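Printed here is input_31.cif (mmCIF, C-alpha atoms):
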```cif
data_final
#
loop_
_atom_site.label_atom_id
_atom_site.label_comp_id
_atom_site.auth_asym_id
_atom_site.auth_seq_id
_atom_site.Cartn_x
_atom_site.Cartn_y
_atom_site.Cartn_z
CA MET A 87 2.59 -8.42 7.07
CA VAL A 88 5.09 -11.14 7.91
CA TRP A 89 6.22 -11.68 4.30
CA THR A 90 6.89 -8.02 3.65
CA GLN A 91 9.81 -6.18 5.19
CA ASP A 92 9.67 -4.92 8.76
CA ARG A 93 9.12 -1.18 8.32
CA LEU A 94 8.13 -0.49 11.93
CA HIS A 95 11.44 -1.89 13.17
CA ASP A 96 11.92 -1.97 16.94
CA ARG A 97 8.35 -1.09 17.93
CA GLN A 98 7.40 -4.54 16.65
CA ARG A 99 8.77 -6.20 19.83
CA VAL A 100 7.51 -5.48 23.31
CA VAL A 101 7.67 -7.00 26.79
CA HIS A 102 5.12 -6.25 29.48
CA TRP A 103 4.64 -7.41 33.04
CA ASP A 104 1.18 -7.98 34.55
CA LEU A 105 0.08 -8.72 38.12
CA SER A 106 -3.00 -10.65 39.22
CA GLY A 107 -4.22 -12.04 42.52
CA GLY A 108 -4.17 -15.59 41.18
CA PRO A 109 -4.96 -17.86 38.20
CA GLY A 110 -8.06 -16.65 36.37
CA GLY A 111 -8.23 -13.41 38.32
CA PRO A 112 -8.16 -9.93 36.78
CA ALA A 113 -4.69 -8.65 35.90
CA ARG A 114 -3.35 -5.12 35.83
CA ARG A 115 -0.55 -3.88 33.61
CA LEU A 116 2.59 -2.83 35.49
CA VAL A 117 5.17 -1.89 32.88
CA ASP A 118 5.78 -1.98 29.09
CA MET A 119 9.11 -1.87 27.32
CA TYR A 120 9.79 -1.69 23.57
CA SER A 121 12.97 -3.00 22.01
CA ALA A 122 13.98 0.56 21.12
CA GLY A 123 14.35 1.15 24.87
CA GLU A 124 11.15 3.10 25.64
CA GLN A 125 9.55 2.12 28.97
CA ARG A 126 6.15 2.92 30.45
CA VAL A 127 5.27 2.36 34.13
CA TYR A 128 1.50 2.54 34.61
CA GLU A 129 1.04 3.35 38.31
CA PRO A 130 2.64 6.53 39.74
CA ARG A 131 3.55 4.66 42.93
CA ASP A 132 5.61 2.17 40.91
CA ARG A 133 7.73 4.71 39.04
CA GLY A 134 11.32 4.36 40.19
CA ARG A 135 10.35 1.20 42.10
CA LEU A 136 9.77 -1.24 39.21
CA LEU A 137 12.72 -1.51 36.84
CA LEU A 138 13.60 -3.36 33.62
CA SER A 139 17.15 -3.44 32.26
CA PRO A 140 17.67 -0.91 29.40
CA SER A 141 19.59 -3.66 27.56
CA ALA A 142 16.82 -6.26 27.98
CA PHE A 143 16.31 -6.83 24.25
CA HIS A 144 20.05 -7.02 23.68
CA ASP A 145 20.71 -9.48 26.51
CA GLY A 146 17.46 -11.44 26.35
CA ASN A 147 16.97 -10.73 30.07
CA PHE A 148 13.50 -9.30 30.78
CA SER A 149 13.58 -9.80 34.56
CA LEU A 150 11.62 -7.33 36.70
CA LEU A 151 13.30 -5.74 39.72
CA ILE A 152 11.15 -4.52 42.61
CA ARG A 153 13.37 -2.26 44.70
CA ALA A 154 11.50 -2.54 48.01
CA VAL A 155 8.88 -5.25 48.31
CA GLU A 156 5.57 -4.36 49.98
CA GLU A 157 2.71 -6.56 51.11
CA GLY A 158 0.57 -5.29 48.24
CA ASP A 159 3.12 -6.69 45.77
CA GLU A 160 2.09 -10.28 46.46
CA GLY A 161 0.45 -12.13 43.61
CA LEU A 162 1.00 -13.84 40.27
CA TYR A 163 3.29 -11.96 37.87
CA THR A 164 3.42 -12.74 34.15
CA CYS A 165 6.23 -11.74 31.80
CA ASN A 166 4.75 -11.43 28.29
CA LEU A 167 6.85 -11.20 25.13
CA HIS A 168 5.12 -10.07 21.91
CA HIS A 169 6.67 -9.99 18.45
CA HIS A 170 3.98 -8.32 16.34
CA TYR A 171 5.88 -8.67 13.07
CA CYS A 172 6.43 -12.44 13.45
CA HIS A 173 3.15 -13.04 15.31
CA LEU A 174 4.96 -14.64 18.23
CA TYR A 175 3.88 -14.58 21.85
CA GLU A 176 5.56 -16.15 24.86
CA SER A 177 4.65 -15.88 28.52
CA LEU A 178 6.25 -16.86 31.82
CA ALA A 179 4.63 -16.80 35.28
CA VAL A 180 6.25 -16.12 38.68
CA ARG A 181 4.45 -16.00 42.04
CA LEU A 182 5.70 -13.52 44.62
CA GLU A 183 5.18 -14.07 48.34
CA VAL A 184 6.13 -11.45 50.96
CA THR A 185 7.45 -12.52 54.36
CA ASP A 186 8.82 -10.84 57.49
CA ASP A 187 11.13 -13.78 58.23
CA PRO A 188 14.54 -13.45 56.49
CA GLN A 189 15.09 -17.21 56.88
CA ALA A 190 11.95 -17.89 54.85
CA ALA A 191 13.25 -15.97 51.83
CA ARG A 192 13.86 -18.42 49.00
CA ALA A 193 12.97 -19.36 45.44
CA TYR A 194 11.47 -22.71 44.51
CA TRP A 195 9.43 -24.48 41.82
CA ASP A 196 5.88 -25.53 42.67
CA GLY A 197 5.51 -27.87 39.70
CA GLU A 198 4.02 -25.24 37.38
CA LYS A 199 5.89 -22.01 37.98
CA GLU A 200 8.63 -20.38 40.01
CA VAL A 201 7.70 -19.06 43.46
CA LEU A 202 9.79 -16.33 45.06
CA ALA A 203 9.48 -15.58 48.79
CA ALA A 204 10.99 -12.14 49.49
CA VAL A 205 11.48 -10.19 52.71
CA ARG A 206 9.35 -7.09 53.17
CA GLY A 207 11.38 -3.96 52.31
CA ALA A 208 14.10 -5.94 50.48
CA PRO A 209 14.60 -5.98 46.70
CA ALA A 210 13.11 -8.83 44.67
CA LEU A 211 14.13 -9.95 41.19
CA LEU A 212 11.44 -11.78 39.19
CA THR A 213 13.35 -13.76 36.60
CA CYS A 214 12.34 -13.79 32.91
CA VAL A 215 15.09 -14.76 30.45
CA ASN A 216 14.65 -15.63 26.75
CA ARG A 217 17.75 -15.45 24.55
CA ALA A 218 16.20 -16.82 21.35
CA HIS A 219 17.58 -14.78 18.43
CA VAL A 220 14.11 -13.57 17.42
CA TRP A 221 13.99 -11.50 20.61
CA THR A 222 17.57 -10.23 20.52
CA ASP A 223 18.85 -10.05 16.90
CA ARG A 224 16.38 -7.92 14.97
CA HIS A 225 19.04 -6.86 12.47
CA LEU A 226 19.35 -10.42 11.15
CA GLU A 227 15.79 -10.30 9.80
CA GLU A 228 16.54 -9.14 6.25
CA ALA A 229 19.32 -11.67 5.72
CA GLN A 230 17.04 -14.55 6.74
CA GLN A 231 14.00 -13.75 4.58
CA VAL A 232 14.07 -15.59 1.24
CA ALA A 233 11.67 -16.74 -1.48
CA HIS A 234 12.44 -19.26 -4.18
CA TRP A 235 10.75 -20.93 -7.14
CA ASP A 236 11.41 -24.56 -8.15
CA ARG A 237 10.37 -26.52 -11.24
CA GLN A 238 9.93 -30.26 -11.78
CA PRO A 239 9.81 -31.38 -15.42
CA PRO A 240 7.10 -33.97 -16.12
CA GLY A 241 7.95 -37.31 -14.51
CA VAL A 242 10.65 -35.89 -12.23
CA PRO A 243 10.15 -36.41 -8.44
CA HIS A 244 9.99 -33.38 -6.14
CA ASP A 245 13.38 -34.12 -4.60
CA ARG A 246 14.97 -33.69 -8.06
CA ALA A 247 13.35 -30.33 -8.81
CA ASP A 248 15.38 -27.59 -10.49
CA ARG A 249 15.82 -24.28 -8.69
CA LEU A 250 14.68 -21.35 -10.87
CA LEU A 251 15.07 -18.27 -8.68
CA ASP A 252 16.25 -17.19 -5.24
CA LEU A 253 15.11 -13.80 -3.95
CA TYR A 254 16.31 -12.20 -0.71
CA ALA A 255 14.69 -9.32 1.17
CA SER A 256 18.06 -7.55 1.01
CA GLY A 257 17.59 -7.24 -2.78
CA GLU A 258 19.95 -10.01 -3.89
CA ARG A 259 18.69 -12.31 -6.66
CA ARG A 260 20.04 -15.51 -8.16
CA ALA A 261 18.77 -17.19 -11.33
CA TYR A 262 19.20 -20.90 -12.05
CA GLY A 263 17.42 -23.45 -14.19
CA PRO A 264 17.89 -24.59 -17.78
CA PRO A 265 19.03 -21.88 -20.23
CA PHE A 266 15.90 -22.25 -22.38
CA LEU A 267 13.79 -21.13 -19.40
CA ARG A 268 16.10 -18.96 -17.29
CA ASP A 269 15.78 -15.82 -19.43
CA ARG A 270 11.98 -16.02 -19.65
CA VAL A 271 11.02 -16.18 -15.97
CA ALA A 272 10.74 -13.16 -13.70
CA VAL A 273 9.41 -11.99 -10.34
CA GLY A 274 8.68 -8.31 -9.62
CA ALA A 275 11.55 -6.21 -8.30
CA ASP A 276 9.38 -5.03 -5.40
CA ALA A 277 8.27 -8.54 -4.38
CA PHE A 278 9.14 -8.18 -0.70
CA ALA A 279 7.81 -4.63 -0.50
CA ARG A 280 4.36 -5.73 -1.75
CA GLY A 281 4.30 -9.36 -0.63
CA ASP A 282 3.80 -10.34 -4.30
CA PHE A 283 6.01 -13.23 -5.46
CA SER A 284 4.16 -14.02 -8.71
CA LEU A 285 6.21 -15.82 -11.34
CA SER A 286 5.77 -14.77 -14.98
CA ILE A 287 6.94 -16.88 -17.95
CA ASP A 288 7.25 -14.83 -21.13
CA PRO A 289 6.77 -16.13 -23.77
CA LEU A 290 5.23 -19.44 -22.74
CA GLU A 291 6.46 -22.53 -24.64
CA PRO A 292 5.44 -26.22 -24.67
CA ALA A 293 8.73 -27.19 -23.00
CA ASP A 294 7.68 -25.18 -19.92
CA GLU A 295 5.27 -27.90 -18.79
CA GLY A 296 5.84 -29.26 -15.31
CA THR A 297 5.22 -28.65 -11.63
CA TYR A 298 6.20 -25.26 -10.21
CA SER A 299 6.46 -24.51 -6.50
CA CYS A 300 6.89 -21.22 -4.66
CA HIS A 301 8.54 -21.41 -1.23
CA LEU A 302 8.74 -18.63 1.33
CA HIS A 303 11.22 -19.02 4.17
CA HIS A 304 11.36 -16.60 7.07
CA HIS A 305 14.21 -18.02 9.14
CA TYR A 306 14.11 -15.04 11.47
CA CYS A 307 10.48 -15.75 12.40
CA GLY A 308 10.75 -19.53 11.94
CA LEU A 309 8.14 -19.70 9.15
CA HIS A 310 7.89 -21.67 5.89
CA GLU A 311 5.04 -21.75 3.38
CA ARG A 312 4.61 -23.25 -0.08
CA ARG A 313 2.35 -23.13 -3.16
CA VAL A 314 2.38 -25.81 -5.88
CA PHE A 315 1.21 -25.42 -9.51
CA HIS A 316 0.88 -28.08 -12.24
CA LEU A 317 1.32 -26.44 -15.64
CA ARG A 318 0.14 -27.90 -18.96
CA VAL A 319 0.70 -26.12 -22.26
CA THR A 320 -1.58 -26.78 -25.25
CA GLU A 321 -1.74 -25.35 -28.72
CA PRO A 322 -4.39 -22.75 -29.59
CA ALA A 323 -7.59 -24.03 -31.17
CA ALA A 324 -7.28 -24.51 -34.93
CA GLU A 325 -8.52 -21.66 -37.10
CA PRO A 326 -11.69 -22.39 -39.11
CA PRO A 327 -11.24 -22.89 -42.88
CA PRO A 328 -11.55 -19.76 -45.07
CA ARG A 329 -15.12 -18.93 -46.01
CA ALA A 330 -15.79 -17.86 -49.60
CA SER A 331 -17.16 -14.35 -50.05
CA PRO A 332 -20.18 -14.05 -52.40
CA GLY A 333 -19.37 -12.46 -55.70
CA ASN A 334 -15.59 -12.81 -55.96
CA GLY A 335 -14.98 -16.33 -54.65
CA SER A 336 -12.52 -15.23 -52.02
CA GLY A 337 -12.72 -14.08 -48.45
CA HIS A 338 -11.04 -14.03 -45.10
CA GLY A 339 -11.52 -16.52 -42.33
CA SER A 340 -12.52 -15.48 -38.87
CA VAL A 341 -9.27 -15.16 -36.93
CA PRO A 342 -9.62 -15.59 -33.19
CA GLY A 343 -8.32 -12.70 -31.12
CA PRO A 344 -5.99 -12.95 -28.18
CA GLY A 345 -7.37 -15.05 -25.36
CA GLU A 346 -10.15 -16.66 -27.46
CA GLY A 347 -8.75 -20.17 -26.97
CA ALA A 348 -10.42 -22.30 -24.35
CA PRO A 349 -9.38 -21.14 -20.89
CA PRO A 350 -8.69 -23.50 -17.99
CA PRO A 351 -11.14 -23.82 -15.10
CA GLY A 352 -12.02 -20.37 -13.71
CA GLY A 353 -9.32 -18.81 -11.60
CA ALA A 354 -6.63 -21.47 -12.13
CA ALA A 355 -4.45 -18.99 -13.99
CA VAL A 356 -4.48 -15.34 -14.95
CA PHE A 357 -3.87 -14.90 -18.66
CA LEU A 358 -2.08 -12.00 -20.23
CA PRO A 359 -1.11 -12.17 -23.91
CA GLY A 360 2.04 -14.26 -23.95
CA CYS A 361 2.65 -13.86 -20.21
CA LEU A 362 1.80 -16.64 -17.78
CA CYS A 363 1.18 -15.59 -14.21
CA LEU A 364 0.95 -18.51 -11.83
CA THR A 365 -1.82 -17.63 -9.39
CA PRO A 366 -4.11 -19.60 -7.08
CA PRO A 367 -7.74 -20.34 -8.05
CA SER A 368 -10.38 -17.76 -7.22
CA GLY A 369 -11.88 -19.39 -4.15
CA PRO A 370 -13.05 -18.23 -0.73
CA GLN A 371 -9.59 -18.50 0.80
CA THR A 372 -7.56 -16.01 2.84
CA PRO A 373 -3.84 -16.73 2.42
CA ARG A 374 -1.45 -14.97 4.76
CA TRP A 375 1.26 -14.06 2.28
CA ARG A 376 0.06 -10.47 2.30
CA GLU A 377 -2.12 -10.52 5.42
CA ALA A 378 -0.52 -11.81 8.59
CA ALA A 379 -3.84 -12.94 10.09
CA ALA A 380 -4.27 -16.68 10.56
CA SER A 381 -5.84 -18.55 7.66
CA SER A 382 -6.36 -22.02 6.26
CA THR A 383 -2.96 -21.88 4.54
CA SER A 384 -0.89 -20.29 7.31
CA SER A 385 2.00 -21.87 9.17
CA SER A 386 2.79 -21.27 12.80
CA PRO A 387 6.45 -20.91 13.81
CA ARG A 388 6.39 -24.46 15.13
CA ALA A 389 4.23 -26.01 12.45
CA GLY A 390 5.43 -27.69 9.30
CA PRO A 391 5.19 -26.10 5.86
CA THR A 392 1.80 -25.69 4.29
CA SER A 393 1.02 -26.11 0.64
CA SER A 394 -1.74 -26.12 -1.92
CA SER A 395 -1.92 -27.30 -5.48
CA ASN A 396 -3.90 -26.48 -8.61
CA TRP A 397 -3.84 -27.14 -12.35
CA ALA A 398 -3.35 -24.55 -15.04
CA THR A 399 -3.72 -25.22 -18.76
CA CYS A 400 -2.14 -22.50 -20.89
CA TRP A 401 -1.48 -21.46 -24.46
CA PRO A 402 1.68 -19.86 -25.87
CA ARG A 403 1.10 -16.40 -27.37
CA SER A 404 3.10 -13.31 -28.17
CA CYS A 405 3.48 -11.08 -25.11
CA SER A 406 2.20 -7.53 -25.02
CA SER A 407 2.18 -6.97 -21.26
CA SER A 408 4.54 -7.77 -18.40
CA SER A 409 2.27 -7.03 -15.44
CA CYS A 410 0.97 -9.94 -13.40
CA SER A 411 -1.64 -10.26 -10.67
CA SER A 412 -0.33 -10.86 -7.19
CA LEU A 413 0.23 -14.49 -6.36
CA TRP A 414 -1.36 -13.92 -2.99
CA SER A 415 -4.11 -11.50 -4.07
CA TRP A 416 -6.97 -13.76 -5.00
CA PRO A 417 -8.97 -12.62 -8.06
CA HIS A 418 -12.59 -11.67 -7.48
CA ALA A 419 -14.79 -14.50 -8.73
CA SER A 420 -17.20 -12.30 -10.69
CA ALA A 421 -14.36 -10.33 -12.27
CA ALA A 422 -12.62 -13.53 -13.32
CA ALA A 423 -15.85 -14.90 -14.78
CA GLU A 424 -16.45 -11.68 -16.71
CA ALA A 425 -12.93 -11.78 -18.14
CA MET A 426 -13.35 -15.39 -19.20
CA SER A 427 -16.75 -14.62 -20.75
CA THR A 428 -15.33 -11.70 -22.73
CA ARG A 429 -12.45 -13.76 -24.09
CA THR A 430 -14.57 -16.75 -25.09
CA ARG A 431 -17.68 -14.91 -26.22
CA SER A 432 -17.40 -15.96 -29.87
CA ARG A 433 -16.18 -19.50 -29.26
CA GLN A 434 -17.86 -22.51 -27.71
CA ARG A 435 -15.94 -24.07 -24.81
CA PRO A 436 -14.42 -27.41 -26.00
CA GLN A 437 -15.40 -30.63 -24.23
CA GLY A 438 -13.19 -33.15 -22.48
CA ARG A 439 -10.42 -30.83 -21.27
CA MET A 440 -8.92 -31.08 -17.81
#
```
If you convert what's in this file into structure tokens, what do you get?
Amino acid sequence: MVWTQDRLHDRQRVVHWDLSGGPGGPARRLVDMYSAGEQRVYEPRDRGRLLLSPSAFHDGNFSLLIRAVEEGDEGLYTCNLHHHYCHLYESLAVRLEVTDDPQAARAYWDGEKEVLAAVRGAPALLTCVNRAHVWTDRHLEEAQQVAHWDRQPPGVPHDRADRLLDLYASGERRAYGPPFLRDRVAVGADAFARGDFSLSIDPLEPADEGTYSCHLHHHYCGLHERRVFHLRVTEPAAEPPPRASPGNGSGHGSVPGPGEGAPPPGGAAVFLPGCLCLTPPSGPQTPRWREAAASSTSSSPRAGPTSSSNWATCWPRSCSSSSCSSLWSWPHASAAAEAMSTRTRSRQRPQGRM
């Protein structure tokens, strides 16, 4: 849940050392350590003999100390760093050789990894150092998690977009944008708790047309993702002329109910009376805003931002509800179709719309 807050805290980061006989061979786990300080040594014979520094996650030094090297300690060691919250993984390999000749003790680079030759019975330090802030500064996470919405009026390039909202995981919010729009846009107060950054515009007006983009920045994890929406606003379909009632020459026309105007293509927007919720189309996609698993729209920490775009055609109405579907919870196709069918049951879909 990389876009929600880190509720598991320090158990999200762990280092473990493994030992194998060589590349491609089976490995056995030697020791685990969580950033809260908890350590686990797997083999009874290694307890008190294999040591990690209690301040490893503070110093960024995950080196493994073997107090008295034995012949059975030879092999390929891997230092593995896992950040489950940020979905990061880093690994470093060190080969240990045991010798009886003190003059042969040395450390060197074989072109792929470090090789350490240690004297039998002497201590050996297998070096693993990573001082990147993501491994050492967990408490910076909240301050570096931010979402923002931008808007480009029609004809305005993306580099001239207006900022509408900034939201921080710490709870701070900042509103920008033109006054005619600033007081009508909102994002849920629990956006970071639920991973739901949907933008509602209430009430929707013709001047709201333009391109809207939602950006999520996780500076702590090194992630950035984006969604783009092109919004068009049209007037409701004209009411039919009054139909005379037999007998008294007067009658009432059929007045369309809320939502009976022609909807946009299925799934491009979720309509509530007078409340626009910008949401992605209902397609077979699995975005990672709420699920941290990899998907077609996910960004890796070293990849550039990802984006997608869709069109929404909307109608201004009076608002009677303020709840909006999650921006990253994709509507079920059949449910969306049923809703559209219910709202347009008495009206024929117009031709030629986008």
The PyMOL selection byres ((chain A and resi 193) around 10) - which residues does that actually catch in the file I just gave you? List them as a PDB file with C-alpha atoms, in the coordinates of the input.
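Produced file expr_33.pdb, reproduced below:
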```pdb
ATOM      1  CA  ARG A 181       4.450 -16.000  42.040  1.00  0.00           C
ATOM      2  CA  LEU A 182       5.700 -13.520  44.620  1.00  0.00           C
ATOM      3  CA  GLU A 183       5.180 -14.070  48.340  1.00  0.00           C
ATOM      4  CA  ALA A 190      11.950 -17.890  54.850  1.00  0.00           C
ATOM      5  CA  ALA A 191      13.250 -15.970  51.830  1.00  0.00           C
ATOM      6  CA  ARG A 192      13.860 -18.420  49.000  1.00  0.00           C
ATOM      7  CA  TYR A 194      11.470 -22.710  44.510  1.00  0.00           C
ATOM      8  CA  TRP A 195       9.430 -24.480  41.820  1.00  0.00           C
ATOM      9  CA  ASP A 196       5.880 -25.530  42.670  1.00  0.00           C
ATOM     10  CA  GLU A 200       8.630 -20.380  40.010  1.00  0.00           C
ATOM     11  CA  VAL A 201       7.700 -19.060  43.460  1.00  0.00           C
ATOM     12  CA  LEU A 202       9.790 -16.330  45.060  1.00  0.00           C
ATOM     13  CA  ALA A 203       9.480 -15.580  48.790  1.00  0.00           C
ATOM     14  CA  ALA A 204      10.990 -12.140  49.490  1.00  0.00           C
ATOM     15  CA  LEU A 212      11.440 -11.780  39.190  1.00  0.00           C
TER      16      LEU A 212
END
```
**Two-atom distance - atom CA of Leu136 of chain A, atom CA of Val155 of chain A (Å)** =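 Answer for the atom CA of Leu136 of chain A to atom CA of Val155 of chain A separation: 10.0 Å.
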**Asked** How many Å separate atom CA of Pro265 of chain A from atom CA of Leu317 of chain A?
**Response** 18.9 Å
**Message:** Take the PyMOL selection byres ((chain A and resi 288-301) around 6), run it mentally on this structure, and tell me the resulting residues as a ChimeraX atom specification.
**Reply:** /A:233-240,270,287,302,311-319,360-361,402
**Item:** Given the PyMOL selection byres ((chain A and resi 153) around 12), the residues it picks as a list in words
**Value:** Asp132, Arg133, Gly134, Arg135, Leu136, Leu137, Leu138, Leu150, Leu151, Ile152, Ala154, Val155, Glu156, Asp159, Ala204, Val205, Arg206, Gly207, Ala208, Pro209, Ala210, Leu211 and Leu212 of chain A
**Request:** Return the single residue from A:His244, A:Thr320, A:Ala277, A:Arg126 that is closest to Arg259 of chain A, with distances computed using only C-alpha atoms.
**Result:**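 Closest residue, counting only C-alpha atoms: A:Ala277.
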**Asked** atom CA of Gly257 of chain A and atom CA of Cys307 of chain A, how far apart in Å?
**Response** 18.8 Å
**Item:** Nearest to Phe148 of chain A by atom-to-atom distance, counting all atoms listed in the file, from A:Arg268, A:Arg280, A:His305, A:Arg217
**Value:**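 Using all atoms listed in the file, Phe148 of chain A sits closest to A:Arg217.
You can rank A:Pro243, A:Gly107, A:Pro140, A:Pro264 by their closest distance to Gly158 of chain A using only C-alpha atoms, and at the top of that list sits A:Gly107.
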**Prompt:** Any idea what's packed within 8 Å of Val117 of chain A, counting only C-alpha atoms, ignoring anything in its chain fewer than 2 positions away? Could you give it as a PyMOL selection string?
**Reply:** chain A and resi 102-104+115+119+125-128+136
